[in-house]
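Novice: Here you go, one structure.
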Amino acid sequence: MERKKNILDMFVEGARKGWNIGITSIVPNVIMAFCLIQLMEVTGVLGLFANVFKPVMAVFGLPGEALMVNLAAIMSMGGAIGVTVSLIDKGMLTPTHVTILLPAIFIGGGWVQYLGRILGTAGVPTRFWPWLVGVCLVNAMVVMLIMRVIA
Amino acid sequence: MSEIKGDAEQQKTLKVTWVSYAALLFAIIFFSGLFAAQKGAISALDFNTVAGKFGVIKEFGKNFMGSTGTGARAGFLFALSLIPVTMLAMGVVEIIDQLGGLRAAQKLLTPLLRPLMGLPGAAGLALITSMQSSDAGAGLTRGLKDADIINEKERIIFAQFQLSGGGLITNYLSSGAVLFAFLTVPSIIPLALIFAFKIIGANITRVYINKVEKDL
């Protein structure tokens with residue numbers, strides 16, 4: 001009979017999964033984000049971008065740079081976390097900003113991949129895809145407004 | 001999908017004991033951040049307390065990342081500093097999962113599926129699975145439709161639930177956990193809000209489908 005797994009074995013098994021996620025997802029995503037933000041900063045694109053979107057993001061109690069997080073989230077949640085971390089490191093996002101952004105990253109995020117991986121796999125007819133994505137994006141904005149009050 | 005089982009059979013495989021409920025309760029408390037401000041032994045119930053912190057390099061009062069790094073090199077050190085949190089979170093999630101905590105959550109949620117989203121209780125397994133793995137959840141959803149357990153409208157409503165905040169538990173506790181230390185509110189508040197809006201989103205689509213797509 002196979003030895004019954006104890007709690008410590010279970011933890012180690014999960015921690016190993018966490019290590020793999022860390023090495024294969026978090027490290028590459030954070031490096032991508034740090035390089036992207038660094039590139040945008042030295043070229044002055046980030047400052048320009050931040051100024052252009054300042055009024056829009058102010059509605060959510062966020063600086064213009066925060067829109068980079070939302071845009072990254074569309075492609076991947078891991079990427080958005082990476083961008084958040086790099087903007088924290090640059091002192092452009094405060095804990096309050098992070099608190100406003102976190103739930104929105106998940107609610108409105110990752111759908112570029114999920115179109116195929118969720119809607120395609122589940123067999124949802126493509127004509128409904130724009131509606132389903134629209135609901136995610138509107139909800140993300142509503143959640144940022146709610147978090148603005150709570151954070 | 002062969003993984004889809006009938007309602008009765010599914011209930012039989014759901015061995016949920018008090019350990020499962022205790023594990024689920026522990027997980028909710030541990031990841032909630034509600035005990036973050038506590039001192040002494042009770043602070044052991046808080047994720048960030050157990051995650052701890054890096055020591056500082058005394059002369060400069062900074063940790064190993066230093067202070068003026070930029071680009072890929074700074075990113076690498078920062079990313080390394082995030083990995084322990086992910087390992088801790090995934091380690092605890094694995095314990096909860098193997099003790100049946102997620103099956104307990106499934107059992108608690110199953111009778112609520114009809115009132116909350118108009119979905120049959122048989123969708124419970126796919127729902128909990130989708131919170132751990134978006135791909136596996138979507139596969140099970142396809143199977144439910146192919147087996148005529150849910151209809152086309154229910155599939156679209158269910159897909160809306162899954163699309164918003166896909167793979168929530170895994171993503172929130174692996175990637176999201178790295179931001180817990182920066183939050184100004186207990187980490188359960190954003191999580192609860194995300195979960196609430198997954199259900200709200202599904203209901204917005206439910207209303208839309210029922211109004212606009214009557215013939216579906």
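Chain identifiers are assigned as A, B, and so on, following the order in which chains appear in the structure tokens; residues are numbered from 1 within each chain, and ligands are numbered from 1 in order of appearance.
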Give me every helix (DSSP H, G or I) residue in range 8-204 of chain B, going by DSSP on the backbone, as a ChimeraX atom specification.

Specialist: /B:8-13,18-32,40-45,47-51,71-98,101-117,121-132,134-146,152-163,168-174,176-182,188-204

Novice: For Phe180 in chain B, work out the shell of residues within 9 Å, counting only C-alpha atoms and skipping chain neighbours fewer than 3 positions away, then give it as a list in words.

Specialist: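 Counting only C-alpha atoms, the residues come to Thr99 of chain A; Gly33, Phe47, Asn48, Gly176, Ala177, Leu183, Thr184, Pro186 and Ser187 of chain B.
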
Novice: Grab the residues selected above and save them as a PDB file, in the first residue's frame with N, CA and C atoms.

Specialist:
```pdb
ATOM      1  N   THR A  99      -4.217  48.664  -4.566  1.00  0.00           N
ATOM      2  CA  THR A  99      -5.461  48.102  -4.028  1.00  0.00           C
ATOM      3  C   THR A  99      -6.623  48.338  -4.993  1.00  0.00           C
TER       4      THR A  99
ATOM      5  N   GLY B  33      -6.386  37.937   5.240  1.00  0.00           N
ATOM      6  CA  GLY B  33      -5.696  39.142   5.714  1.00  0.00           C
ATOM      7  C   GLY B  33      -6.387  39.772   6.913  1.00  0.00           C
ATOM      8  N   PHE B  47      -1.465  35.152   6.375  1.00  0.00           N
ATOM      9  CA  PHE B  47      -0.570  34.830   5.264  1.00  0.00           C
ATOM     10  C   PHE B  47       0.708  35.668   5.288  1.00  0.00           C
ATOM     11  N   ASN B  48       0.557  36.977   5.429  1.00  0.00           N
ATOM     12  CA  ASN B  48       1.735  37.844   5.356  1.00  0.00           C
ATOM     13  C   ASN B  48       2.688  37.654   6.537  1.00  0.00           C
ATOM     14  N   GLY B 176      -1.430  36.969  -7.906  1.00  0.00           N
ATOM     15  CA  GLY B 176      -2.012  38.052  -7.107  1.00  0.00           C
ATOM     16  C   GLY B 176      -1.368  38.168  -5.737  1.00  0.00           C
ATOM     17  N   ALA B 177      -0.977  37.012  -5.164  1.00  0.00           N
ATOM     18  CA  ALA B 177      -0.425  36.998  -3.804  1.00  0.00           C
ATOM     19  C   ALA B 177       0.805  37.892  -3.668  1.00  0.00           C
ATOM     20  N   LEU B 183      -1.355  45.799  -0.248  1.00  0.00           N
ATOM     21  CA  LEU B 183      -2.762  46.189  -0.158  1.00  0.00           C
ATOM     22  C   LEU B 183      -3.056  47.022   1.091  1.00  0.00           C
ATOM     23  N   THR B 184      -4.002  47.950   0.958  1.00  0.00           N
ATOM     24  CA  THR B 184      -4.421  48.748   2.112  1.00  0.00           C
ATOM     25  C   THR B 184      -5.669  48.150   2.768  1.00  0.00           C
ATOM     26  N   PRO B 186      -7.753  44.166   3.771  1.00  0.00           N
ATOM     27  CA  PRO B 186      -7.512  42.723   3.867  1.00  0.00           C
ATOM     28  C   PRO B 186      -7.668  42.072   2.488  1.00  0.00           C
ATOM     29  N   SER B 187      -6.801  41.103   2.166  1.00  0.00           N
ATOM     30  CA  SER B 187      -6.798  40.561   0.805  1.00  0.00           C
ATOM     31  C   SER B 187      -8.076  39.823   0.439  1.00  0.00           C
TER      32      SER B 187
END
```

Novice: Between B:Gly75, B:Gly143, B:Pro111, B:Gly124, which one has atoms that come closest to Ile31 in chain A, using only C-alpha atoms?

Specialist: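 Checking each candidate against Ile31 in chain A, we get B:Gly75 as the closest.
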
Novice: Counting only C-alpha atoms, which residue out of B:Leu99, B:Val16, B:Leu88, B:Ile204 sits closest to Gly18 in chain A?

Specialist: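 Ranking B:Leu99, B:Val16, B:Leu88, B:Ile204 by distance to Gly18 in chain A, first place goes to B:Leu88.
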
Novice: Which residues, written as a list in words, have at least one atom at most 10 Å from range 56-59 of chain A, with only C-alpha atoms counted and residues fewer than 6 positions away on the same chain left out?

Specialist: Ala50, Glu65, Ala66, Leu67, Met141, Met144, Leu145 and Arg148 of chain A

Novice: Please list as a PyMOL selection string every residue within 10 Å of Thr94 in chain A, counting only C-alpha atoms and excluding residues in the same chain fewer than 6 positions away.

Specialist: (chain A and resi 62-63+87-88) or (chain B and resi 182-184)

Novice: When you look at Met87 in chain B with a cut-off of 7 Å (counting only C-alpha atoms), what residues show up, excluding the ones that are within fewer than 5 positions of it in the same chain? I need them as a ChimeraX atom specification.

Specialist: /A:15-16,18-19

Novice: Need the shell around Phe76 in chain B: protein/DNA/RNA residues with any atom at most 12 Å away, counting only C-alpha atoms. Skip same-chain ones fewer than 5 positions apart. Format as a list in words?

Specialist: Gly22, Ile23, Ile26, Val27, Pro28, Asn29, Val30, Ile31, Met32, Ala33, Phe34, Cys35, Gly82, Val85 and Ser86 of chain A; Phe64, Met65, Gly69, Thr70, Gly71, Ser81, Leu82 and Ile83 of chain B

Novice: Using N, CA and C atoms, can you write the selected residues to a file as an mmCIF file, in the first residue's frame?

Specialist:
```
data_model
loop_
_atom_site.group_PDB
_atom_site.id
_atom_site.type_symbol
_atom_site.label_atom_id
_atom_site.label_comp_id
_atom_site.auth_asym_id
_atom_site.auth_seq_id
_atom_site.Cartn_x
_atom_site.Cartn_y
_atom_site.Cartn_z
ATOM 1 N N GLY A 22 6.595 30.424 -10.347
ATOM 2 C CA GLY A 22 7.508 31.550 -10.140
ATOM 3 C C GLY A 22 8.538 31.658 -11.242
ATOM 4 N N ILE A 23 9.172 30.528 -11.553
ATOM 5 C CA ILE A 23 10.265 30.533 -12.527
ATOM 6 C C ILE A 23 9.757 30.657 -13.964
ATOM 7 N N ILE A 26 6.288 34.129 -13.252
ATOM 8 C CA ILE A 26 6.506 35.413 -12.575
ATOM 9 C C ILE A 26 7.814 36.074 -13.005
ATOM 10 N N VAL A 27 8.915 35.328 -12.975
ATOM 11 C CA VAL A 27 10.206 35.936 -13.355
ATOM 12 C C VAL A 27 10.174 36.472 -14.791
ATOM 13 N N PRO A 28 9.769 35.676 -15.786
ATOM 14 C CA PRO A 28 9.744 36.228 -17.149
ATOM 15 C C PRO A 28 8.796 37.424 -17.290
ATOM 16 N N ASN A 29 7.628 37.350 -16.622
ATOM 17 C CA ASN A 29 6.669 38.456 -16.725
ATOM 18 C C ASN A 29 7.197 39.730 -16.092
ATOM 19 N N VAL A 30 7.829 39.601 -14.931
ATOM 20 C CA VAL A 30 8.343 40.789 -14.246
ATOM 21 C C VAL A 30 9.507 41.388 -15.040
ATOM 22 N N ILE A 31 10.375 40.537 -15.586
ATOM 23 C CA ILE A 31 11.493 41.056 -16.393
ATOM 24 C C ILE A 31 10.966 41.746 -17.645
ATOM 25 N N MET A 32 9.970 41.148 -18.291
ATOM 26 C CA MET A 32 9.343 41.777 -19.460
ATOM 27 C C MET A 32 8.837 43.161 -19.072
ATOM 28 N N ALA A 33 8.131 43.224 -17.933
ATOM 29 C CA ALA A 33 7.518 44.488 -17.524
ATOM 30 C C ALA A 33 8.582 45.531 -17.148
ATOM 31 N N PHE A 34 9.592 45.104 -16.404
ATOM 32 C CA PHE A 34 10.652 46.054 -16.017
ATOM 33 C C PHE A 34 11.335 46.616 -17.260
ATOM 34 N N CYS A 35 11.612 45.752 -18.254
ATOM 35 C CA CYS A 35 12.277 46.223 -19.472
ATOM 36 C C CYS A 35 11.357 47.148 -20.261
ATOM 37 N N GLY A 82 3.293 41.980 -13.277
ATOM 38 C CA GLY A 82 4.663 42.418 -13.540
ATOM 39 C C GLY A 82 4.750 43.927 -13.720
ATOM 40 N N VAL A 85 4.228 45.683 -10.408
ATOM 41 C CA VAL A 85 5.430 45.598 -9.583
ATOM 42 C C VAL A 85 6.490 46.603 -10.055
ATOM 43 N N SER A 86 6.660 46.736 -11.368
ATOM 44 C CA SER A 86 7.694 47.649 -11.863
ATOM 45 C C SER A 86 7.311 49.108 -11.608
ATOM 46 N N PHE B 64 18.197 42.909 -0.020
ATOM 47 C CA PHE B 64 19.190 42.497 -1.025
ATOM 48 C C PHE B 64 18.980 43.114 -2.412
ATOM 49 N N MET B 65 17.812 43.718 -2.642
ATOM 50 C CA MET B 65 17.570 44.291 -3.972
ATOM 51 C C MET B 65 18.223 45.657 -4.131
ATOM 52 N N GLY B 69 18.224 50.102 -8.652
ATOM 53 C CA GLY B 69 18.298 49.219 -9.813
ATOM 54 C C GLY B 69 17.253 49.558 -10.867
ATOM 55 N N THR B 70 17.558 49.217 -12.127
ATOM 56 C CA THR B 70 16.588 49.429 -13.208
ATOM 57 C C THR B 70 16.639 48.246 -14.172
ATOM 58 N N GLY B 71 15.642 48.185 -15.035
ATOM 59 C CA GLY B 71 15.641 47.243 -16.155
ATOM 60 C C GLY B 71 15.618 45.778 -15.767
ATOM 61 N N SER B 81 12.344 37.974 -5.409
ATOM 62 C CA SER B 81 11.795 38.296 -4.092
ATOM 63 C C SER B 81 10.314 37.939 -4.003
ATOM 64 N N LEU B 82 9.657 37.734 -5.147
ATOM 65 C CA LEU B 82 8.222 37.428 -5.145
ATOM 66 C C LEU B 82 7.949 35.918 -5.044
ATOM 67 N N ILE B 83 8.928 35.110 -5.430
ATOM 68 C CA ILE B 83 8.696 33.659 -5.535
ATOM 69 C C ILE B 83 8.330 32.991 -4.199
#
```

Novice: Which residues of chain B come within 6 Å of chain A, and for each one, what is the closest pair of atoms and their distance in Å to one decimal, counting only C-alpha atoms, sorted by chain and residue number, as JSON lines?

Specialist:
```
{"residue": "B:Gly71", "atom": "CA", "partner": "A:Cys35", "partner_atom": "CA", "distance": 4.8}
{"residue": "B:Ala72", "atom": "CA", "partner": "A:Ile31", "partner_atom": "CA", "distance": 5.2}
{"residue": "B:Gly75", "atom": "CA", "partner": "A:Ile31", "partner_atom": "CA", "distance": 4.8}
{"residue": "B:Phe76", "atom": "CA", "partner": "A:Ile31", "partner_atom": "CA", "distance": 5.9}
{"residue": "B:Ala79", "atom": "CA", "partner": "A:Val27", "partner_atom": "CA", "distance": 5.0}
{"residue": "B:Ile83", "atom": "CA", "partner": "A:Gly22", "partner_atom": "CA", "distance": 5.2}
{"residue": "B:Thr86", "atom": "CA", "partner": "A:Gly18", "partner_atom": "CA", "distance": 5.2}
{"residue": "B:Met87", "atom": "CA", "partner": "A:Gly18", "partner_atom": "CA", "distance": 4.1}
{"residue": "B:Met90", "atom": "CA", "partner": "A:Gly14", "partner_atom": "CA", "distance": 4.9}
{"residue": "B:Gly91", "atom": "CA", "partner": "A:Gly14", "partner_atom": "CA", "distance": 3.8}
{"residue": "B:Val92", "atom": "CA", "partner": "A:Phe11", "partner_atom": "CA", "distance": 5.9}
{"residue": "B:Glu94", "atom": "CA", "partner": "A:Gly14", "partner_atom": "CA", "distance": 4.9}
{"residue": "B:Ile95", "atom": "CA", "partner": "A:Met10", "partner_atom": "CA", "distance": 5.3}
{"residue": "B:Asp135", "atom": "CA", "partner": "A:Arg117", "partner_atom": "CA", "distance": 5.9}
{"residue": "B:Ala138", "atom": "CA", "partner": "A:Ala122", "partner_atom": "CA", "distance": 4.7}
{"residue": "B:Gly139", "atom": "CA", "partner": "A:Ala122", "partner_atom": "CA", "distance": 5.8}
{"residue": "B:Thr141", "atom": "CA", "partner": "A:Ala122", "partner_atom": "CA", "distance": 5.5}
{"residue": "B:Arg142", "atom": "CA", "partner": "A:Ala122", "partner_atom": "CA", "distance": 4.4}
{"residue": "B:Gln160", "atom": "CA", "partner": "A:Leu132", "partner_atom": "CA", "distance": 5.8}
{"residue": "B:Ser164", "atom": "CA", "partner": "A:Ile107", "partner_atom": "CA", "distance": 4.9}
{"residue": "B:Gly165", "atom": "CA", "partner": "A:Ile107", "partner_atom": "CA", "distance": 4.5}
{"residue": "B:Phe182", "atom": "CA", "partner": "A:Pro95", "partner_atom": "CA", "distance": 5.0}
{"residue": "B:Leu183", "atom": "CA", "partner": "A:Thr99", "partner_atom": "CA", "distance": 5.1}
{"residue": "B:Pro190", "atom": "CA", "partner": "A:Pro103", "partner_atom": "CA", "distance": 5.2}
{"residue": "B:Ile194", "atom": "CA", "partner": "A:Pro103", "partner_atom": "CA", "distance": 5.9}
```

Novice: Please produce an output containing C-alpha atoms for each residue in the selection, written as a short mmCIF file (atom, residue, chain, number, x, y, z; two decimals), in the first residue's frame.

Specialist:
```cif
data_model
loop_
_atom_site.label_atom_id
_atom_site.label_comp_id
_atom_site.auth_asym_id
_atom_site.auth_seq_id
_atom_site.Cartn_x
_atom_site.Cartn_y
_atom_site.Cartn_z
CA GLY B 71 15.64 47.24 -16.16
CA ALA B 72 16.07 43.49 -16.49
CA GLY B 75 13.38 43.08 -12.48
CA PHE B 76 15.14 39.77 -11.91
CA ALA B 79 10.93 38.74 -9.31
CA ILE B 83 8.70 33.66 -5.53
CA THR B 86 3.87 32.12 -4.44
CA MET B 87 5.46 28.95 -3.06
CA MET B 90 0.54 27.21 -3.53
CA GLY B 91 1.81 24.96 -0.71
CA VAL B 92 -1.15 25.88 1.47
CA GLU B 94 -2.33 22.08 -2.13
CA ILE B 95 -2.99 21.03 1.49
CA ASP B 135 -8.84 25.18 -19.32
CA ALA B 138 -14.00 25.04 -20.00
CA GLY B 139 -13.53 21.40 -21.01
CA THR B 141 -18.49 22.94 -19.55
CA ARG B 142 -18.28 21.62 -23.11
CA GLN B 160 -19.37 34.52 -18.82
CA SER B 164 -14.25 37.08 -15.94
CA GLY B 165 -11.47 36.29 -13.49
CA PHE B 182 0.99 46.25 -0.79
CA LEU B 183 -2.76 46.19 -0.16
CA PRO B 190 -10.64 42.18 -3.52
CA ILE B 194 -13.98 39.54 -7.92
#
```
